[in-house]
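Chemist: Pasting data_29.cif below, which is mmCIF, C-alpha atoms.
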```cif
data_input
loop_
_atom_site.label_atom_id
_atom_site.label_comp_id
_atom_site.auth_asym_id
_atom_site.auth_seq_id
_atom_site.Cartn_x
_atom_site.Cartn_y
_atom_site.Cartn_z
CA MET O 1 -199.96 40.20 98.76
CA THR O 2 -203.58 39.12 99.03
CA THR O 3 -203.30 35.69 100.58
CA THR O 4 -202.38 34.00 103.82
CA SER O 5 -201.74 30.32 104.48
CA GLN O 6 -203.65 27.79 106.53
CA THR O 7 -201.39 25.44 108.44
CA ALA O 8 -202.03 22.27 110.36
CA PRO O 9 -200.19 21.98 113.69
CA GLY O 10 -196.59 20.98 113.10
CA THR O 11 -196.82 21.15 109.31
CA ARG O 12 -195.81 23.52 106.55
CA SER O 13 -198.37 25.80 104.94
CA ALA O 14 -200.83 23.72 102.94
CA VAL O 15 -203.44 26.16 101.59
CA ARG O 16 -203.39 29.87 100.87
CA THR O 17 -206.43 31.89 101.94
CA LEU O 18 -207.61 35.14 100.39
CA THR O 19 -207.27 38.18 102.65
CA LEU O 20 -209.41 40.31 100.34
CA ASP O 21 -213.18 40.05 100.82
CA PRO O 22 -214.41 37.74 98.02
CA SER O 23 -217.93 39.16 98.33
CA ASP O 24 -216.56 42.61 97.45
CA ARG O 25 -214.06 41.85 94.69
CA PRO O 26 -212.66 38.93 92.71
CA PHE O 27 -209.08 37.78 92.88
CA ILE O 28 -209.10 36.78 89.21
CA VAL O 29 -211.34 37.53 86.21
CA ILE O 30 -211.24 35.47 83.03
CA TRP O 31 -212.43 37.39 79.96
CA GLU O 32 -213.24 35.37 76.86
CA VAL O 33 -212.43 38.11 74.37
CA THR O 34 -213.60 36.02 71.39
CA ARG O 35 -214.81 32.53 70.56
CA ALA O 36 -212.97 32.46 67.25
CA CYS O 37 -210.26 29.82 67.07
CA ALA O 38 -208.49 27.93 64.30
CA LEU O 39 -208.37 24.69 66.32
CA ALA O 40 -211.15 22.18 66.94
CA CYS O 41 -210.36 20.91 70.43
CA ALA O 42 -212.33 17.87 71.56
CA HIS O 43 -212.91 19.24 75.07
CA CYS O 44 -213.52 22.91 74.22
CA ARG O 45 -215.69 24.59 76.84
CA ALA O 46 -216.53 27.41 74.45
CA ASP O 47 -217.45 25.21 71.48
CA ALA O 48 -215.29 27.67 69.55
CA ILE O 49 -216.13 28.94 66.08
CA THR O 50 -213.98 29.71 63.06
CA ARG O 51 -214.86 33.42 62.77
CA ARG O 52 -215.35 36.24 65.24
CA ASN O 53 -218.87 37.03 66.35
CA SER O 54 -219.87 40.56 65.30
CA LEU O 55 -221.66 40.94 68.66
CA GLU O 56 -218.62 40.31 70.87
CA LEU O 57 -217.53 43.17 73.14
CA SER O 58 -215.99 46.01 71.14
CA THR O 59 -212.65 47.62 71.93
CA ASP O 60 -214.36 50.45 73.79
CA GLU O 61 -216.61 48.07 75.72
CA GLY O 62 -213.58 45.98 76.63
CA LYS O 63 -211.72 49.03 77.85
CA ALA O 64 -214.75 50.01 79.94
CA LEU O 65 -214.70 46.57 81.55
CA LEU O 66 -211.01 46.98 82.36
CA ASP O 67 -211.66 50.50 83.72
CA ASP O 68 -214.32 49.09 86.02
CA LEU O 69 -212.01 46.34 87.32
CA ALA O 70 -209.16 48.79 87.89
CA GLY O 71 -211.56 51.05 89.80
CA LEU O 72 -211.61 48.46 92.57
CA GLY O 73 -208.20 49.72 93.61
CA ALA O 74 -205.49 47.61 95.18
CA PRO O 75 -205.36 44.69 95.21
CA ARG O 76 -206.59 44.74 91.64
CA PRO O 77 -207.77 41.45 90.15
CA ILE O 78 -205.66 39.43 87.77
CA VAL O 79 -207.19 39.60 84.27
CA VAL O 80 -206.73 36.66 81.91
CA LEU O 81 -207.64 37.19 78.26
CA THR O 82 -208.76 33.88 76.79
CA GLY O 83 -211.01 32.50 74.07
CA GLY O 84 -211.40 30.80 71.65
CA ASP O 85 -208.07 32.26 70.77
CA PRO O 86 -207.46 35.84 71.97
CA PHE O 87 -204.89 36.25 69.19
CA GLU O 88 -207.82 36.34 66.76
CA ARG O 89 -208.58 39.89 67.99
CA ASP O 90 -206.78 42.65 66.13
CA ASP O 91 -206.99 44.93 69.18
CA LEU O 92 -205.37 42.49 71.62
CA VAL O 93 -202.23 44.59 72.11
CA GLU O 94 -204.36 47.69 72.66
CA LEU O 95 -206.45 45.92 75.30
CA VAL O 96 -203.39 44.55 77.09
CA ARG O 97 -201.70 47.95 77.12
CA HIS O 98 -204.86 49.62 78.42
CA GLY O 99 -205.23 47.12 81.27
CA HIS O 100 -201.55 47.31 82.17
CA ASP O 101 -201.58 51.10 82.22
CA LEU O 102 -204.48 50.91 84.68
CA GLY O 103 -202.42 48.73 87.01
CA LEU O 104 -204.16 45.44 86.21
CA PRO O 105 -202.01 42.28 86.08
CA MET O 106 -202.63 41.06 82.51
CA ALA O 107 -202.23 37.45 81.34
CA LEU O 108 -202.97 35.58 78.11
CA SER O 109 -204.29 32.12 77.30
CA PRO O 110 -203.82 31.68 73.54
CA SER O 111 -204.23 28.70 71.25
CA VAL O 112 -201.13 27.36 69.55
CA THR O 113 -201.74 28.43 65.96
CA PRO O 114 -199.65 30.28 63.34
CA ARG O 115 -200.77 33.54 65.00
CA LEU O 116 -198.68 32.73 68.08
CA THR O 117 -195.38 34.08 66.75
CA SER O 118 -192.31 35.26 68.62
CA GLU O 119 -192.92 38.75 67.26
CA ALA O 120 -196.50 38.81 68.57
CA LEU O 121 -195.35 37.59 71.98
CA ILE O 122 -192.65 40.26 72.22
CA GLU O 123 -195.15 42.98 71.29
CA LEU O 124 -197.60 41.79 73.96
CA ARG O 125 -194.84 41.58 76.57
CA GLU O 126 -193.86 45.15 75.77
CA ALA O 127 -197.53 46.14 76.10
CA GLY O 128 -197.52 44.83 79.66
CA ALA O 129 -198.74 41.24 79.68
CA SER O 130 -196.76 39.19 82.19
CA ALA O 131 -197.93 35.56 81.91
CA VAL O 132 -199.00 33.14 79.19
CA SER O 133 -200.70 29.77 79.61
CA LEU O 134 -200.47 27.05 76.97
CA SER O 135 -202.40 23.79 76.87
CA LEU O 136 -200.64 20.46 76.80
CA ASP O 137 -203.10 17.59 77.15
CA GLY O 138 -200.90 14.62 76.35
CA ALA O 139 -197.34 13.50 76.83
CA THR O 140 -197.22 12.27 73.25
CA PRO O 141 -198.08 13.94 69.94
CA ALA O 142 -200.74 11.31 69.29
CA THR O 143 -202.68 12.15 72.45
CA HIS O 144 -202.30 15.93 72.37
CA ASP O 145 -202.95 16.31 68.65
CA ALA O 146 -206.07 14.16 68.95
CA PHE O 147 -207.32 16.58 71.62
CA ARG O 148 -206.57 19.60 69.44
CA GLY O 149 -207.97 18.25 66.18
CA PHE O 150 -204.80 18.83 64.10
CA ASP O 151 -201.48 17.04 63.63
CA GLY O 152 -198.31 18.83 64.69
CA VAL O 153 -199.81 20.92 67.51
CA HIS O 154 -197.83 19.05 70.19
CA ALA O 155 -194.50 19.94 68.57
CA ASP O 156 -195.68 23.50 67.98
CA THR O 157 -196.65 23.80 71.67
CA ILE O 158 -193.20 22.74 72.84
CA GLU O 159 -191.69 25.37 70.54
CA ALA O 160 -194.23 27.99 71.65
CA ALA O 161 -193.38 27.35 75.30
CA ALA O 162 -189.74 28.17 74.60
CA ASN O 163 -190.77 31.33 72.76
CA VAL O 164 -193.02 32.38 75.65
CA ARG O 165 -190.15 32.15 78.11
CA ALA O 166 -187.71 33.80 75.70
CA ALA O 167 -190.08 36.78 75.46
CA GLY O 168 -189.93 37.19 79.24
CA PHE O 169 -193.31 35.75 80.24
CA ARG O 170 -194.09 33.45 83.12
CA LEU O 171 -195.21 30.19 81.57
CA GLN O 172 -198.21 28.19 82.78
CA ILE O 173 -199.07 24.79 81.34
CA ASN O 174 -202.73 23.75 81.36
CA THR O 175 -203.70 20.07 81.17
CA THR O 176 -207.24 18.71 80.94
CA VAL O 177 -207.52 15.29 82.55
CA THR O 178 -209.94 12.66 81.29
CA ARG O 179 -210.23 8.93 81.80
CA ASP O 180 -208.23 8.38 78.62
CA ASN O 181 -205.17 10.54 79.30
CA ALA O 182 -204.78 10.33 83.10
CA GLN O 183 -202.08 7.66 82.77
CA GLU O 184 -199.87 10.17 80.93
CA LEU O 185 -199.68 12.61 83.86
CA PRO O 186 -196.29 11.40 85.18
CA ALA O 187 -194.72 11.88 81.75
CA LEU O 188 -196.44 15.25 81.46
CA LEU O 189 -194.97 16.24 84.83
CA ASP O 190 -191.50 15.64 83.44
CA THR O 191 -192.33 17.74 80.36
CA VAL O 192 -193.77 20.58 82.42
CA MET O 193 -190.62 20.69 84.53
CA ALA O 194 -188.35 20.53 81.50
CA LEU O 195 -190.22 23.46 79.91
CA GLY O 196 -189.52 25.60 82.98
CA ALA O 197 -193.18 26.27 83.71
CA SER O 198 -193.96 28.45 86.72
CA LEU O 199 -197.28 26.67 87.27
CA TRP O 200 -199.02 23.47 86.18
CA SER O 201 -202.78 23.97 86.08
CA VAL O 202 -204.64 20.66 85.93
CA PHE O 203 -208.24 20.88 84.70
CA PHE O 204 -210.77 18.17 85.54
CA LEU O 205 -213.12 17.67 82.63
CA VAL O 206 -216.61 19.13 83.08
CA PRO O 207 -219.22 17.68 80.68
CA THR O 208 -220.10 20.94 79.00
CA GLY O 209 -219.52 22.25 75.46
CA ARG O 210 -217.60 19.75 73.35
CA GLY O 211 -216.41 18.11 76.56
CA GLU O 212 -219.71 16.24 76.69
CA GLN O 213 -218.25 13.88 74.10
CA LEU O 214 -215.33 12.83 76.35
CA VAL O 215 -215.29 10.58 79.42
CA ALA O 216 -214.40 12.16 82.75
CA LEU O 217 -212.73 10.33 85.61
CA ASP O 218 -215.04 8.92 88.25
CA ALA O 219 -214.79 10.19 91.83
CA ARG O 220 -212.29 7.48 92.82
CA GLY O 221 -210.09 8.35 89.86
CA VAL O 222 -210.25 12.07 90.67
CA GLU O 223 -209.19 11.35 94.26
CA ASP O 224 -206.25 9.28 93.00
CA VAL O 225 -205.11 12.07 90.70
CA LEU O 226 -205.42 14.69 93.45
CA MET O 227 -203.43 12.57 95.90
CA TRP O 228 -200.77 12.05 93.24
CA LEU O 229 -200.63 15.76 92.39
CA ALA O 230 -200.18 16.58 96.07
CA SER O 231 -197.31 14.09 96.23
CA VAL O 232 -195.42 15.84 93.40
CA ALA O 233 -196.26 19.45 94.35
CA ASP O 234 -192.72 19.92 95.67
CA ARG O 235 -191.40 19.52 92.12
CA VAL O 236 -193.49 22.15 90.33
CA PRO O 237 -196.25 24.48 91.56
CA VAL O 238 -199.62 22.80 90.97
CA LYS O 239 -203.14 24.18 90.90
CA THR O 240 -206.39 22.51 89.93
CA THR O 241 -209.42 23.79 88.06
CA GLU O 242 -212.84 22.31 88.86
CA ALA O 243 -211.33 20.19 91.64
CA PRO O 244 -211.24 22.45 94.70
CA HIS O 245 -211.03 19.35 96.89
CA PHE O 246 -207.32 19.46 96.03
CA ARG O 247 -207.16 21.90 98.96
CA ARG O 248 -208.76 19.32 101.25
CA VAL O 249 -206.24 16.75 100.03
CA MET O 250 -203.34 19.12 100.70
CA LEU O 251 -204.58 19.74 104.24
CA GLN O 252 -205.10 16.02 104.88
CA ARG O 253 -201.63 15.16 103.64
CA ALA O 254 -200.07 17.99 105.64
CA GLU O 255 -201.74 16.69 108.80
CA ALA O 256 -200.75 13.07 108.11
CA GLY O 257 -197.28 13.68 106.68
CA GLY O 258 -198.26 11.72 103.56
CA ASP O 259 -201.27 9.70 102.50
CA PRO O 260 -204.06 10.28 105.03
CA PRO O 261 -205.25 7.34 107.15
CA GLY O 262 -207.71 5.14 105.29
CA TYR O 263 -206.65 6.20 101.80
CA GLU O 264 -205.74 3.33 99.48
CA PRO O 265 -204.88 4.15 95.86
CA GLY O 266 -207.32 2.81 93.29
CA PRO O 267 -206.34 1.62 89.81
CA VAL O 268 -205.60 5.15 88.58
CA GLY O 269 -203.54 5.96 91.66
CA ARG O 270 -201.51 2.78 91.46
CA ALA O 271 -200.76 3.38 87.78
CA LEU O 272 -199.68 6.98 88.43
CA ARG O 273 -197.35 6.02 91.25
CA ALA O 274 -195.81 3.16 89.29
CA ALA O 275 -195.08 5.47 86.35
CA THR O 276 -193.65 8.38 88.34
CA VAL O 277 -189.92 8.91 87.97
CA PRO O 278 -188.24 9.42 91.38
CA PRO O 279 -186.94 12.98 91.93
CA ALA O 280 -183.26 12.00 91.78
CA ALA O 281 -183.75 10.14 88.51
CA ALA O 282 -185.71 13.04 87.04
CA ALA O 283 -182.89 15.44 87.89
CA SER O 284 -180.28 13.13 86.39
CA ASP O 285 -182.22 13.12 83.13
CA GLY O 286 -181.79 16.88 82.86
CA ALA O 287 -185.18 18.02 84.13
CA SER O 288 -185.44 20.87 86.61
CA THR O 289 -184.18 19.70 90.00
CA PRO O 290 -187.13 19.18 92.38
CA ARG O 291 -187.02 20.38 95.98
CA THR O 292 -187.52 17.12 97.83
CA GLY O 293 -188.87 17.40 101.36
CA ALA O 294 -189.51 21.14 101.09
CA GLY O 295 -193.31 21.02 100.94
CA PRO O 296 -195.38 22.47 98.08
CA ARG O 297 -193.69 25.19 96.05
CA ARG O 298 -196.89 27.23 96.11
CA PRO O 299 -199.89 26.02 98.13
CA PRO O 300 -203.27 26.15 96.33
CA LEU O 301 -205.46 29.20 96.79
CA ASP O 302 -209.01 28.94 98.13
CA VAL O 303 -210.93 30.58 95.28
CA ASN O 304 -213.99 29.01 93.73
CA ALA O 305 -216.71 29.80 91.19
CA GLY O 306 -218.21 33.14 92.18
CA ARG O 307 -215.97 33.33 95.24
CA GLY O 308 -212.93 35.31 94.19
CA PHE O 309 -213.36 34.09 90.61
CA ALA O 310 -215.62 35.17 87.74
CA PHE O 311 -215.86 34.71 83.99
CA VAL O 312 -216.98 37.19 81.31
CA ASP O 313 -217.86 35.73 77.92
CA HIS O 314 -217.33 37.27 74.49
CA LEU O 315 -220.77 38.91 74.59
CA GLY O 316 -220.19 40.45 78.03
CA VAL O 317 -222.27 37.95 80.02
CA VAL O 318 -220.92 37.27 83.51
CA TYR O 319 -220.77 33.70 84.85
CA PRO O 320 -219.42 32.19 88.07
CA SER O 321 -217.08 30.08 85.91
CA GLY O 322 -216.56 29.32 82.28
CA PHE O 323 -217.74 25.79 83.05
CA LEU O 324 -220.92 26.86 84.89
CA PRO O 325 -223.34 28.25 82.28
CA ARG O 326 -225.69 30.12 84.62
CA ALA O 327 -225.66 33.86 83.84
CA ALA O 328 -225.30 36.39 86.64
CA GLY O 329 -225.76 39.48 84.45
CA SER O 330 -224.28 41.37 81.51
CA VAL O 331 -221.66 44.13 81.51
CA ARG O 332 -223.69 45.73 78.74
CA LYS O 333 -226.46 46.35 81.28
CA ALA O 334 -224.54 46.92 84.52
CA PRO O 335 -220.89 47.28 85.56
CA PHE O 336 -219.10 44.03 86.29
CA THR O 337 -218.37 45.10 89.87
CA GLU O 338 -222.06 45.70 90.52
CA ILE O 339 -222.98 42.30 89.10
CA TYR O 340 -220.28 40.56 91.12
CA ARG O 341 -221.39 42.12 94.38
CA ARG O 342 -225.18 41.98 93.94
CA SER O 343 -225.92 38.84 91.94
CA GLU O 344 -228.02 36.40 93.96
CA LEU O 345 -226.38 33.51 92.11
CA LEU O 346 -222.85 34.63 92.97
CA ALA O 347 -223.83 35.46 96.56
CA SER O 348 -225.25 31.97 97.02
CA LEU O 349 -222.03 30.40 95.78
CA ARG O 350 -220.08 32.41 98.35
CA ASP O 351 -222.15 31.04 101.25
CA PRO O 352 -220.98 27.56 102.36
CA ALA O 353 -224.11 27.24 104.51
CA ARG O 354 -226.19 26.93 101.34
CA LEU O 355 -224.30 23.94 99.96
CA GLY O 356 -226.29 20.73 99.69
CA GLY O 357 -225.56 17.06 100.30
CA LYS O 358 -222.22 16.01 101.70
CA CYS O 359 -220.61 19.30 100.61
CA GLY O 360 -222.89 21.05 103.10
CA ARG O 361 -221.93 18.60 105.86
CA CYS O 362 -218.22 18.59 105.10
CA GLU O 363 -215.71 19.93 107.64
CA TYR O 364 -213.67 21.26 104.69
CA ARG O 365 -216.58 23.13 103.08
CA GLU O 366 -215.18 26.63 103.74
CA VAL O 367 -211.75 25.90 102.27
CA CYS O 368 -213.06 23.68 99.47
CA GLY O 369 -216.74 24.10 98.63
CA GLY O 370 -216.68 21.48 95.88
CA SER O 371 -216.83 22.04 92.15
CA ARG O 372 -219.98 24.04 91.53
CA SER O 373 -219.60 23.38 87.80
CA HIS O 374 -219.61 19.61 88.20
CA ALA O 375 -222.59 19.85 90.55
CA TYR O 376 -224.52 21.91 88.02
CA ALA O 377 -223.54 19.74 85.04
CA VAL O 378 -224.80 16.58 86.72
CA THR O 379 -227.78 17.82 88.78
CA GLY O 380 -228.76 21.21 87.35
CA ASP O 381 -228.25 22.70 90.84
CA PRO O 382 -225.03 24.69 91.34
CA LEU O 383 -225.35 24.27 95.12
CA ALA O 384 -225.67 20.48 95.09
CA GLU O 385 -222.91 18.20 96.33
CA ASP O 386 -219.94 17.69 94.03
CA PRO O 387 -220.33 14.28 92.35
CA THR O 388 -216.59 14.08 91.63
CA CYS O 389 -215.57 14.11 95.31
CA PHE O 390 -214.78 10.69 96.77
CA TYR O 391 -214.41 11.92 100.36
CA GLU O 392 -217.00 11.06 102.98
CA PRO O 393 -217.19 13.93 105.49
CA VAL O 394 -216.58 13.43 109.18
CA GLY O 395 -218.80 16.42 109.79
CA ARG O 396 -218.13 19.98 110.85
CA ASP O 397 -218.14 18.98 114.51
CA GLY O 398 -215.52 16.29 113.93
#
```
In structure tokens, what does this structure look like?
Modeler:
Amino acid sequence: MTTTSQTAPGTRSAVRTLTLDPSDRPFIVIWEVTRACALACAHCRADAITRRNSLELSTDEGKALLDDLAGLGAPRPIVVLTGGDPFERDDLVELVRHGHDLGLPMALSPSVTPRLTSEALIELREAGASAVSLSLDGATPATHDAFRGFDGVHADTIEAAANVRAAGFRLQINTTVTRDNAQELPALLDTVMALGASLWSVFFLVPTGRGEQLVALDARGVEDVLMWLASVADRVPVKTTEAPHFRRVMLQRAEAGGDPPGYEPGPVGRALRAATVPPAAAASDGASTPRTGAGPRRPPLDVNAGRGFAFVDHLGVVYPSGFLPRAAGSVRKAPFTEIYRRSELLASLRDPARLGGKCGRCEYREVCGGSRSHAYAVTGDPLAEDPTCFYEPVGRDG
């Protein structure tokens, strides 16, 4: 185990903290094995293409990357193979088997296309992959299929989720939240529970790639969604991507025993709470029975861009995050581990003292740190304050 939990006096654990040194090794590495994908998702970070790039990392280069990560020793980082669609690579099983044989926890984040068959899933499970994440961005076919660019993907995703679990994988559901689909989150919660997901990962739209064409929530709306997610975290494990202030929210709610003093739901928050099915009613409808009053099923983990987390693109370029397009180096020129440890960019992101604006003044800066991707997308400075955070800091001295 590589985490501990931070607890407020008299409360249950609210946030898990890495016990490994995030300046020495990452907790998780996302490798974009290809940008090829048959879908045309409206919010695609990668701005995916229809065919594989001839310059993407070869099988041997990919194995060398996995060798380097495994050389860190225990605890070895989790490796997630994503895209584009990783199922577009003919050597995917070979890469998974190689990583697994090295002792790396291997996970997959495929697109829901005709390539995602039960047979392919079984073969990858036998090769050693242990988890699969699928995207579900709307509670209705109309919303989700509009995101994905093709009709029928919503129904196919529900079927794929059942196949993922039948093959023996842990299932994670990813949802990207925008201004236009936030109201569907309560219905999505019911779907996520009914699918038997082990984790619900909620992404907050960063205006990069195709996502520049969509409308993100404002800071007040983000705060409302985070408060709502914290209120339902006893029903299904929840994590957030590009909203590390979820950890601040969890700590505040643990200290207050509910909504923190001074918080009043805005329009988004009021709509979410009005549409949320009470736990008893959800259970009576056949959804997984929530654990009321038991606290979060799995508290969020304090990783952030460049701090316990890194992204390798299809060409081998290393970034702090897939949503923060500032290169730290290339695995074709230096080993990933060397880049992770020595990059000035990554080192700066690991130092809370270098954060600007209210993030630098915030008493939660070490456990949160703000979304570096949102800061960069809006200001061009990855160390600037997070424009999506509604919280006004008390200050580190209280």
Chemist: Please enumerate the residues selected by the PyMOL selection byres ((chain O and resi 185) around 10) when evaluated against the supplied file, formatted as a ChimeraX atom specification.
Modeler: /O:137-139,175,177,181-184,186-191,202,225,228-229,272,275-276
Chemist: Starting from the shown file, work through the PyMOL selection byres ((chain O and resi 260) around 12) and note down what comes out as a list in words.
Modeler: Glu223, Met227, Ala230, Ser231, Arg248, Val249, Met250, Leu251, Gln252, Arg253, Ala254, Glu255, Ala256, Gly257, Gly258, Asp259, Pro261, Gly262, Tyr263, Glu264, Pro265 and Tyr391 of chain O
Chemist: May I have the selected residues written with C-alpha atoms, as a PDB file, in the coordinates of the input?
Modeler:
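Dumped everything to result25.pdb:
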```
ATOM      1  CA  GLU O 223    -209.190  11.350  94.260  1.00  0.00           C
ATOM      2  CA  MET O 227    -203.430  12.570  95.900  1.00  0.00           C
ATOM      3  CA  ALA O 230    -200.180  16.580  96.070  1.00  0.00           C
ATOM      4  CA  SER O 231    -197.310  14.090  96.230  1.00  0.00           C
ATOM      5  CA  ARG O 248    -208.760  19.320 101.250  1.00  0.00           C
ATOM      6  CA  VAL O 249    -206.240  16.750 100.030  1.00  0.00           C
ATOM      7  CA  MET O 250    -203.340  19.120 100.700  1.00  0.00           C
ATOM      8  CA  LEU O 251    -204.580  19.740 104.240  1.00  0.00           C
ATOM      9  CA  GLN O 252    -205.100  16.020 104.880  1.00  0.00           C
ATOM     10  CA  ARG O 253    -201.630  15.160 103.640  1.00  0.00           C
ATOM     11  CA  ALA O 254    -200.070  17.990 105.640  1.00  0.00           C
ATOM     12  CA  GLU O 255    -201.740  16.690 108.800  1.00  0.00           C
ATOM     13  CA  ALA O 256    -200.750  13.070 108.110  1.00  0.00           C
ATOM     14  CA  GLY O 257    -197.280  13.680 106.680  1.00  0.00           C
ATOM     15  CA  GLY O 258    -198.260  11.720 103.560  1.00  0.00           C
ATOM     16  CA  ASP O 259    -201.270   9.700 102.500  1.00  0.00           C
ATOM     17  CA  PRO O 261    -205.250   7.340 107.150  1.00  0.00           C
ATOM     18  CA  GLY O 262    -207.710   5.140 105.290  1.00  0.00           C
ATOM     19  CA  TYR O 263    -206.650   6.200 101.800  1.00  0.00           C
ATOM     20  CA  GLU O 264    -205.740   3.330  99.480  1.00  0.00           C
ATOM     21  CA  PRO O 265    -204.880   4.150  95.860  1.00  0.00           C
ATOM     22  CA  TYR O 391    -214.410  11.920 100.360  1.00  0.00           C
TER      23      TYR O 391
END
```
Chemist: Can you translate the PyMOL selection byres ((chain O and resi 320) around 12) into the concrete residues it hits in this file, as a PDB file with C-alpha atoms, in the coordinates of the input?
Modeler:
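Wrote selection39.pdb, looks like this:
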```pdb
ATOM      1  CA  PRO O  26    -212.660  38.930  92.710  1.00  0.00           C
ATOM      2  CA  ILE O  28    -209.100  36.780  89.210  1.00  0.00           C
ATOM      3  CA  VAL O  29    -211.340  37.530  86.210  1.00  0.00           C
ATOM      4  CA  ILE O  30    -211.240  35.470  83.030  1.00  0.00           C
ATOM      5  CA  TRP O  31    -212.430  37.390  79.960  1.00  0.00           C
ATOM      6  CA  GLU O 242    -212.840  22.310  88.860  1.00  0.00           C
ATOM      7  CA  VAL O 303    -210.930  30.580  95.280  1.00  0.00           C
ATOM      8  CA  ASN O 304    -213.990  29.010  93.730  1.00  0.00           C
ATOM      9  CA  ALA O 305    -216.710  29.800  91.190  1.00  0.00           C
ATOM     10  CA  GLY O 306    -218.210  33.140  92.180  1.00  0.00           C
ATOM     11  CA  ARG O 307    -215.970  33.330  95.240  1.00  0.00           C
ATOM     12  CA  GLY O 308    -212.930  35.310  94.190  1.00  0.00           C
ATOM     13  CA  PHE O 309    -213.360  34.090  90.610  1.00  0.00           C
ATOM     14  CA  ALA O 310    -215.620  35.170  87.740  1.00  0.00           C
ATOM     15  CA  PHE O 311    -215.860  34.710  83.990  1.00  0.00           C
ATOM     16  CA  VAL O 312    -216.980  37.190  81.310  1.00  0.00           C
ATOM     17  CA  ASP O 313    -217.860  35.730  77.920  1.00  0.00           C
ATOM     18  CA  VAL O 317    -222.270  37.950  80.020  1.00  0.00           C
ATOM     19  CA  VAL O 318    -220.920  37.270  83.510  1.00  0.00           C
ATOM     20  CA  TYR O 319    -220.770  33.700  84.850  1.00  0.00           C
ATOM     21  CA  SER O 321    -217.080  30.080  85.910  1.00  0.00           C
ATOM     22  CA  GLY O 322    -216.560  29.320  82.280  1.00  0.00           C
ATOM     23  CA  PHE O 323    -217.740  25.790  83.050  1.00  0.00           C
ATOM     24  CA  LEU O 324    -220.920  26.860  84.890  1.00  0.00           C
ATOM     25  CA  PRO O 325    -223.340  28.250  82.280  1.00  0.00           C
ATOM     26  CA  ARG O 326    -225.690  30.120  84.620  1.00  0.00           C
ATOM     27  CA  ALA O 327    -225.660  33.860  83.840  1.00  0.00           C
ATOM     28  CA  ALA O 328    -225.300  36.390  86.640  1.00  0.00           C
ATOM     29  CA  GLY O 329    -225.760  39.480  84.450  1.00  0.00           C
ATOM     30  CA  PHE O 336    -219.100  44.030  86.290  1.00  0.00           C
ATOM     31  CA  ILE O 339    -222.980  42.300  89.100  1.00  0.00           C
ATOM     32  CA  TYR O 340    -220.280  40.560  91.120  1.00  0.00           C
ATOM     33  CA  ARG O 341    -221.390  42.120  94.380  1.00  0.00           C
ATOM     34  CA  SER O 343    -225.920  38.840  91.940  1.00  0.00           C
ATOM     35  CA  GLU O 344    -228.020  36.400  93.960  1.00  0.00           C
ATOM     36  CA  LEU O 345    -226.380  33.510  92.110  1.00  0.00           C
ATOM     37  CA  LEU O 346    -222.850  34.630  92.970  1.00  0.00           C
ATOM     38  CA  ALA O 347    -223.830  35.460  96.560  1.00  0.00           C
ATOM     39  CA  SER O 348    -225.250  31.970  97.020  1.00  0.00           C
ATOM     40  CA  LEU O 349    -222.030  30.400  95.780  1.00  0.00           C
ATOM     41  CA  ARG O 350    -220.080  32.410  98.350  1.00  0.00           C
ATOM     42  CA  SER O 371    -216.830  22.040  92.150  1.00  0.00           C
ATOM     43  CA  ARG O 372    -219.980  24.040  91.530  1.00  0.00           C
ATOM     44  CA  SER O 373    -219.600  23.380  87.800  1.00  0.00           C
ATOM     45  CA  TYR O 376    -224.520  21.910  88.020  1.00  0.00           C
ATOM     46  CA  PRO O 382    -225.030  24.690  91.340  1.00  0.00           C
TER      47      PRO O 382
END
```
Chemist: Rounded to one decimal place, report the CA of Ala146 (chain O)-CA of Leu81 (chain O) distance in Å.
Modeler: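 We find that CA of Ala146 (chain O) and CA of Leu81 (chain O) lie 24.9 Å from each other.
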Chemist: Of the candidates O:Thr240, O:Ser198, O:Ser109, O:Ser135, which shows the shortest atom-to-atom distance to Arg297 (chain O), using all atoms listed in the file?
Modeler: O:Ser198
Chemist: Would you compute the distance between CA of Phe27 (chain O) and CA of Pro77 (chain O)? Give it in Å to one decimal.
Modeler: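 Between CA of Phe27 (chain O) and CA of Pro77 (chain O) the gap is 4.8 Å.
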Chemist: To one decimal place in Å, what is the distance between CA of Glu385 (chain O) and CA of Asp351 (chain O)?
Modeler: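 Spanning CA of Glu385 (chain O) to CA of Asp351 (chain O) is a straight-line distance of 13.8 Å.
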Chemist: If we count all atoms listed in the file and set the cut-off at 9 Å, which residues sit around Val367 (chain O), ignoring sequence neighbours fewer than 4 positions away in its own chain? Please answer as a count of residues only.
Modeler: 10
Chemist: Have a look at O:Ala194, O:Ile173, O:His314, O:Arg51 and name the one nearest to Thr82 (chain O); count all atoms listed in the file.
Modeler: O:His314
Chemist: Export region 20-31 of chain O of the preceding structure, keeping C-alpha atoms, as a tab-separated table (two decimals), in the first residue's frame.
Modeler:
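And here's part_13.tsv as it stands now:
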```tsv
chain	number	residue	atom	x	y	z
O	20	LEU	CA	6.03	7.23	-1.80
O	21	ASP	CA	8.17	10.26	-2.65
O	22	PRO	CA	6.43	11.92	-5.63
O	23	SER	CA	9.67	13.67	-6.60
O	24	ASP	CA	11.31	10.26	-7.05
O	25	ARG	CA	8.59	8.22	-8.75
O	26	PRO	CA	5.04	8.56	-10.04
O	27	PHE	CA	2.08	6.73	-8.60
O	28	ILE	CA	0.43	6.45	-12.02
O	29	VAL	CA	1.60	6.86	-15.63
O	30	ILE	CA	-0.81	7.30	-18.53
O	31	TRP	CA	0.64	6.18	-21.87
```
